[in-house]
Every structure is written in C-alpha cells, then in structure tokens.
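> Input file: query02.cif. Contents: mmCIF, C-alpha atoms.
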data_input
#
loop_
_atom_site.label_atom_id
_atom_site.label_comp_id
_atom_site.auth_asym_id
_atom_site.auth_seq_id
_atom_site.Cartn_x
_atom_site.Cartn_y
_atom_site.Cartn_z
CA MET A 1 1.97 45.03 -18.85
CA SER A 2 3.23 48.13 -17.05
CA GLU A 3 4.16 48.34 -13.35
CA ALA A 4 0.95 50.34 -12.81
CA ASP A 5 -0.99 47.24 -13.89
CA LEU A 6 0.58 45.12 -11.12
CA ARG A 7 0.61 45.30 -7.32
CA ALA A 8 2.88 42.90 -5.48
CA ILE A 9 1.56 41.08 -2.46
CA ASP A 10 5.01 39.51 -2.07
CA ASP A 11 7.83 39.79 -4.61
CA LEU A 12 9.84 37.12 -2.72
CA SER A 13 13.07 38.92 -3.58
CA ARG A 14 14.76 38.34 -0.23
CA ALA A 15 15.59 35.43 2.03
CA ASP A 16 13.28 36.65 4.84
CA PRO A 17 9.86 34.90 4.63
CA THR A 18 8.02 38.11 5.55
CA THR A 19 6.12 40.15 2.95
CA PRO A 20 6.82 43.87 2.40
CA HIS A 21 3.63 44.45 4.46
CA GLY A 22 5.11 42.67 7.49
CA VAL A 23 3.09 39.44 7.27
CA ARG A 24 4.70 35.98 7.47
CA TRP A 25 3.72 33.00 5.36
CA GLU A 26 2.48 29.99 7.30
CA ALA A 27 2.17 26.29 6.57
CA LEU A 28 -1.10 24.50 7.29
CA SER A 29 -2.23 20.93 6.74
CA ASP A 30 -5.05 18.50 7.35
CA ARG A 31 -3.47 17.76 10.76
CA VAL A 32 -5.74 20.50 12.17
CA MET A 33 -8.61 18.07 11.44
CA GLY A 34 -6.89 14.80 12.38
CA GLY A 35 -5.19 14.13 9.03
CA VAL A 36 -1.59 13.02 8.65
CA SER A 37 -0.17 15.18 5.82
CA VAL A 38 2.96 17.10 6.92
CA PRO A 39 4.04 20.26 5.06
CA THR A 40 7.46 21.82 4.78
CA LEU A 41 7.53 25.52 3.97
CA ALA A 42 10.82 27.28 3.34
CA ARG A 43 12.15 30.42 1.69
CA GLU A 44 14.91 29.13 -0.60
CA ARG A 45 16.45 29.54 -4.01
CA VAL A 46 14.65 27.58 -6.72
CA ALA A 47 15.94 27.65 -10.29
CA GLY A 48 17.82 30.91 -9.73
CA ARG A 49 15.38 32.97 -7.64
CA PHE A 50 14.11 33.23 -4.07
CA ALA A 51 10.85 31.38 -3.64
CA GLN A 52 8.42 30.29 -0.99
CA ARG A 53 8.48 26.49 -1.43
CA LEU A 54 5.78 24.12 -0.17
CA THR A 55 6.67 20.43 -0.17
CA GLY A 56 5.25 17.29 1.40
CA ARG A 57 3.13 14.26 0.76
CA VAL A 58 -0.63 14.83 0.66
CA ARG A 59 -2.19 11.82 2.40
CA LEU A 60 -5.85 10.87 2.63
CA GLU A 61 -5.85 8.87 5.87
CA ASN A 62 -8.16 10.07 8.68
CA ASN A 63 -10.21 12.17 6.23
CA GLY A 64 -7.14 14.26 5.40
CA GLY A 65 -5.90 15.53 2.11
CA PHE A 66 -4.28 18.96 2.00
CA LEU A 67 -1.12 21.03 2.44
CA GLN A 68 -1.19 24.82 2.23
CA MET A 69 0.99 27.93 2.28
CA ALA A 70 -1.22 30.76 3.52
CA LEU A 71 -0.95 34.49 3.99
CA ASP A 72 -3.10 37.15 5.65
CA LEU A 73 -3.24 40.16 3.33
CA ASP A 74 -3.24 42.80 6.08
CA PRO A 75 -1.11 42.59 9.26
CA SER A 76 -4.10 43.60 11.40
CA GLY A 77 -6.32 40.90 9.86
CA ARG A 78 -8.69 43.44 8.31
CA ALA A 79 -10.16 42.94 4.85
CA ILE A 80 -8.60 44.76 1.91
CA ASP A 81 -10.32 46.14 -1.19
CA ALA A 82 -8.95 44.44 -4.32
CA SER A 83 -11.86 45.51 -6.54
CA GLY A 84 -9.60 47.70 -8.69
CA TRP A 85 -7.80 44.56 -9.88
CA THR A 86 -8.77 41.78 -12.28
CA GLY A 87 -7.32 38.91 -10.26
CA VAL A 88 -4.25 37.29 -8.75
CA ARG A 89 -1.05 36.68 -10.71
CA LEU A 90 1.33 33.94 -9.61
CA LEU A 91 4.85 33.12 -10.72
CA VAL A 92 5.19 29.42 -9.95
CA PHE A 93 7.56 26.52 -10.43
CA GLY A 94 6.25 23.06 -9.66
CA ASN A 95 6.16 19.42 -10.50
CA GLY A 96 3.39 19.42 -13.12
CA GLU A 97 0.64 18.78 -10.56
CA ASP A 98 -2.67 20.58 -10.00
CA TYR A 99 -2.82 23.06 -7.13
CA GLY A 100 -5.39 25.59 -5.97
CA LEU A 101 -5.62 29.25 -5.10
CA HIS A 102 -8.02 29.60 -2.17
CA LEU A 103 -9.21 33.07 -1.21
CA ARG A 104 -11.03 34.04 1.96
CA THR A 105 -13.15 37.13 2.53
CA ASP A 106 -14.78 38.37 5.71
CA ALA A 107 -17.91 36.46 4.55
CA VAL A 108 -16.08 33.16 5.13
CA GLN A 109 -16.92 31.83 8.61
CA ARG A 110 -15.76 28.19 8.63
CA PRO A 111 -12.23 26.80 8.04
CA TRP A 112 -13.40 24.60 5.14
CA GLN A 113 -15.00 27.50 3.25
CA SER A 114 -13.19 29.48 0.55
CA TYR A 115 -13.31 30.72 -3.01
CA ARG A 116 -11.27 28.43 -5.24
CA GLN A 117 -9.58 28.17 -8.59
CA SER A 118 -7.15 25.49 -9.74
CA PHE A 119 -3.96 25.74 -11.78
CA VAL A 120 -1.12 23.51 -12.95
CA ALA A 121 2.41 24.34 -11.78
CA PRO A 122 4.83 23.26 -14.55
CA ALA A 123 8.51 22.42 -14.00
CA ALA A 124 9.62 25.88 -15.22
CA TRP A 125 8.95 29.38 -13.89
CA THR A 126 5.52 30.28 -15.30
CA GLU A 127 3.19 33.26 -14.81
CA ILE A 128 -0.42 32.30 -14.17
CA ASP A 129 -3.34 34.75 -14.04
CA LEU A 130 -6.34 33.72 -11.94
CA PRO A 131 -9.23 36.14 -12.51
CA PHE A 132 -11.62 36.97 -9.70
CA THR A 133 -14.56 36.26 -12.04
CA GLU A 134 -13.58 32.57 -12.08
CA MET A 135 -13.37 32.08 -8.30
CA VAL A 136 -15.80 29.31 -7.26
CA PRO A 137 -17.43 29.38 -3.81
CA HIS A 138 -16.72 26.21 -1.82
CA ARG A 139 -19.26 25.28 0.86
CA LEU A 140 -20.73 28.77 1.16
CA GLU A 141 -23.53 30.72 -0.48
CA ALA A 142 -22.06 34.23 -0.65
CA PRO A 143 -20.61 35.23 -4.02
CA PHE A 144 -16.96 36.29 -4.12
CA ASP A 145 -16.53 39.98 -3.24
CA PRO A 146 -13.03 41.37 -3.92
CA THR A 147 -13.75 44.40 -1.70
CA ARG A 148 -13.64 42.08 1.35
CA LEU A 149 -10.47 40.03 0.74
CA LYS A 150 -8.61 38.84 3.85
CA ARG A 151 -6.44 35.81 3.17
CA LEU A 152 -5.03 33.65 0.41
CA GLY A 153 -3.63 30.17 0.26
CA LEU A 154 -1.86 28.05 -2.31
CA VAL A 155 -3.04 24.52 -1.71
CA ALA A 156 -2.18 20.93 -2.61
CA ILE A 157 -5.51 19.18 -2.04
CA GLY A 158 -7.90 16.35 -2.71
CA ARG A 159 -5.75 13.38 -3.70
CA ALA A 160 -2.64 11.56 -2.51
CA PHE A 161 0.47 12.97 -4.20
CA GLU A 162 3.88 14.55 -3.64
CA ALA A 163 3.47 18.31 -3.50
CA ASP A 164 6.31 20.55 -4.65
CA LEU A 165 5.17 24.09 -5.37
CA SER A 166 7.44 27.14 -5.43
CA LEU A 167 6.08 30.68 -5.52
CA GLY A 168 8.39 33.32 -7.00
CA TRP A 169 5.97 36.28 -7.05
CA ILE A 170 2.35 36.92 -6.13
CA GLY A 171 0.24 39.99 -6.64
CA PHE A 172 -2.79 41.57 -8.23
CA TYR A 173 -3.03 42.39 -11.94
CA ARG A 174 -5.34 44.56 -14.05
#
Translate this file's structure into structure tokens.

Amino acid sequence: MSEADLRAIDDLSRADPTTPHGVRWEALSDRVMGGVSVPTLARERVAGRFAQRLTGRVRLENNGGFLQMALDLDPSGRAIDASGWTGVRLLVFGNGEDYGLHLRTDAVQRPWQSYRQSFVAPAAWTEIDLPFTEMVPHRLEAPFDPTRLKRLGLVAIGRAFEADLSLGWIGFYR
C-alpha cells in the first residue's frame, strides 16, 4: 500500500504523547460511573518502538468494566470527514486479549454510546484493519457516518482481565 493510501492520525514516533495535530491522548475508566478499574497510560518503548501503552486490571465491581485510551480527532472538537477512507488501521502489540475500537460521531449524545468493532492484540507488532462498514452501533439508532467522526478510543471492556495494549501507529487506510 502506498503512502497516498494511508493518513496517520498518530505515528507515535516520538516520546511526546501529543499527536501531530496537537491533541493529547487521555486515559478513561469506569471510575467515571462508580467503577473501580484504574488505567495507566504512558508513551514508552515497547518491543523496539515508541507506543502509547494502556495497562491495568479491568474490574467488574460497582457495574464497572472498562479501561480506555481516547483521542479527539480535531483539536477544536469539531467533526472530521473520513469518508474518503475505508477504515482505521492500527499497529498493535498486546497480550492476546480482545479489545475494541470505539468511534464517536457528532450523532453520539451519551457517554455509553459509540460505534464498535473488536480485535485481538497479539504479543507481536501486528497491523489490523478495521473497516467502517463493520462498525456496529452501540445503544444508538443512527448508522455510522464517517463524515461526522469526532473521537476514537481503544478499549479493554466487558470482562475482568489484565489489559496490556500498546499502539504503535493509528490512521486511516484506503
């Protein structure tokens, strides 16, 4: 695939946890809803490359159950048009567990709503393509519209487990 077929959201090539567009990654967890899961999010070297690494134990007490590394796609919070792309490409290194890509558009009104797709993060750097056509609405009626994309999250969710997910590159692909 040529460079013209890719557009980096964050190439994670430097130690600074800010994207080339000036947006910082943030860690979120079920603690916003009374849960007890605690995330750690750090920019560090993983298997020879800079990565954004999410670790922590996902716990289900108090109706909890998620850890997330999240990113607004535009510094002003406006929606971007990703309709010229097929989907999101990730370069990940993990612990063999299931994780999720959660996308938010300006149609998403509640914190628990998103468009979701799951993936496995193996214990080796692996490219994963997640096409927009396979995004599943979660707790909302509106179909996914890539012209209205605002935010993305990589999420450890839904069961008690040790999360260890490193992101080495994220962007759009054709």
> So which residues get picked by the PyMOL selection byres ((chain A and resi 54-68) around 9) here, written as a ChimeraX atom specification?
/A:26-31,33-42,52-53,69-70,153-167
> For those residues, write C-alpha atoms to a file as a compact mmCIF listing (two decimals), keeping the file's coordinate frame.

# COMPACT_ATOMS: atom_id res chain seq x y z
CA GLU A 26 2.48 29.99 7.30
CA ALA A 27 2.17 26.29 6.57
CA LEU A 28 -1.10 24.50 7.29
CA SER A 29 -2.23 20.93 6.74
CA ASP A 30 -5.05 18.50 7.35
CA ARG A 31 -3.47 17.76 10.76
CA MET A 33 -8.61 18.07 11.44
CA GLY A 34 -6.89 14.80 12.38
CA GLY A 35 -5.19 14.13 9.03
CA VAL A 36 -1.59 13.02 8.65
CA SER A 37 -0.17 15.18 5.82
CA VAL A 38 2.96 17.10 6.92
CA PRO A 39 4.04 20.26 5.06
CA THR A 40 7.46 21.82 4.78
CA LEU A 41 7.53 25.52 3.97
CA ALA A 42 10.82 27.28 3.34
CA GLN A 52 8.42 30.29 -0.99
CA ARG A 53 8.48 26.49 -1.43
CA MET A 69 0.99 27.93 2.28
CA ALA A 70 -1.22 30.76 3.52
CA GLY A 153 -3.63 30.17 0.26
CA LEU A 154 -1.86 28.05 -2.31
CA VAL A 155 -3.04 24.52 -1.71
CA ALA A 156 -2.18 20.93 -2.61
CA ILE A 157 -5.51 19.18 -2.04
CA GLY A 158 -7.90 16.35 -2.71
CA ARG A 159 -5.75 13.38 -3.70
CA ALA A 160 -2.64 11.56 -2.51
CA PHE A 161 0.47 12.97 -4.20
CA GLU A 162 3.88 14.55 -3.64
CA ALA A 163 3.47 18.31 -3.50
CA ASP A 164 6.31 20.55 -4.65
CA LEU A 165 5.17 24.09 -5.37
CA SER A 166 7.44 27.14 -5.43
CA LEU A 167 6.08 30.68 -5.52
> Can you list what the PyMOL selection byres ((chain A and resi 148) around 9) grabs from this structure, as an NGL selection string?
:A and (78-83 or 104-107 or 144-147 or 149-150)
> Which residue is closest to A:Phe132? Choose from A:Val108, A:Val120, A:Leu101, A:Leu6 and count all atoms listed in the file.
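Of all the options, A:Leu101 lies closest to A:Phe132.
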> Return the single residue from A:Val92, A:Leu152, A:Pro111, A:Ile128 that is closest to A:Leu140, with distances computed using all atoms listed in the file.
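Smallest distance to A:Leu140 is found for A:Pro111.
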> Counting only C-alpha atoms, which residue out of A:Leu90, A:Val136, A:Leu71, A:Ala4 sits closest to A:Phe119?
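Closest residue, counting only C-alpha atoms: A:Leu90.
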> Give me, please, the distance in Å between atom CA of A:Val88 and atom CA of A:Thr19, quoted to one decimal.
15.9 Å
> Rank nothing, just name the residue among A:Leu130, A:Glu44, A:Trp85, A:Ser76 nearest to A:Gly100, using all atoms listed in the file.
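Using all atoms listed in the file, the shortest distance to A:Gly100 belongs to A:Leu130.
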> Mind giving me the straight-line distance from atom CA of A:Tyr173 to atom CA of A:Arg151 in Å, one decimal?
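If I compute the distance from atom CA of A:Tyr173 to atom CA of A:Arg151, I get 16.8 Å.
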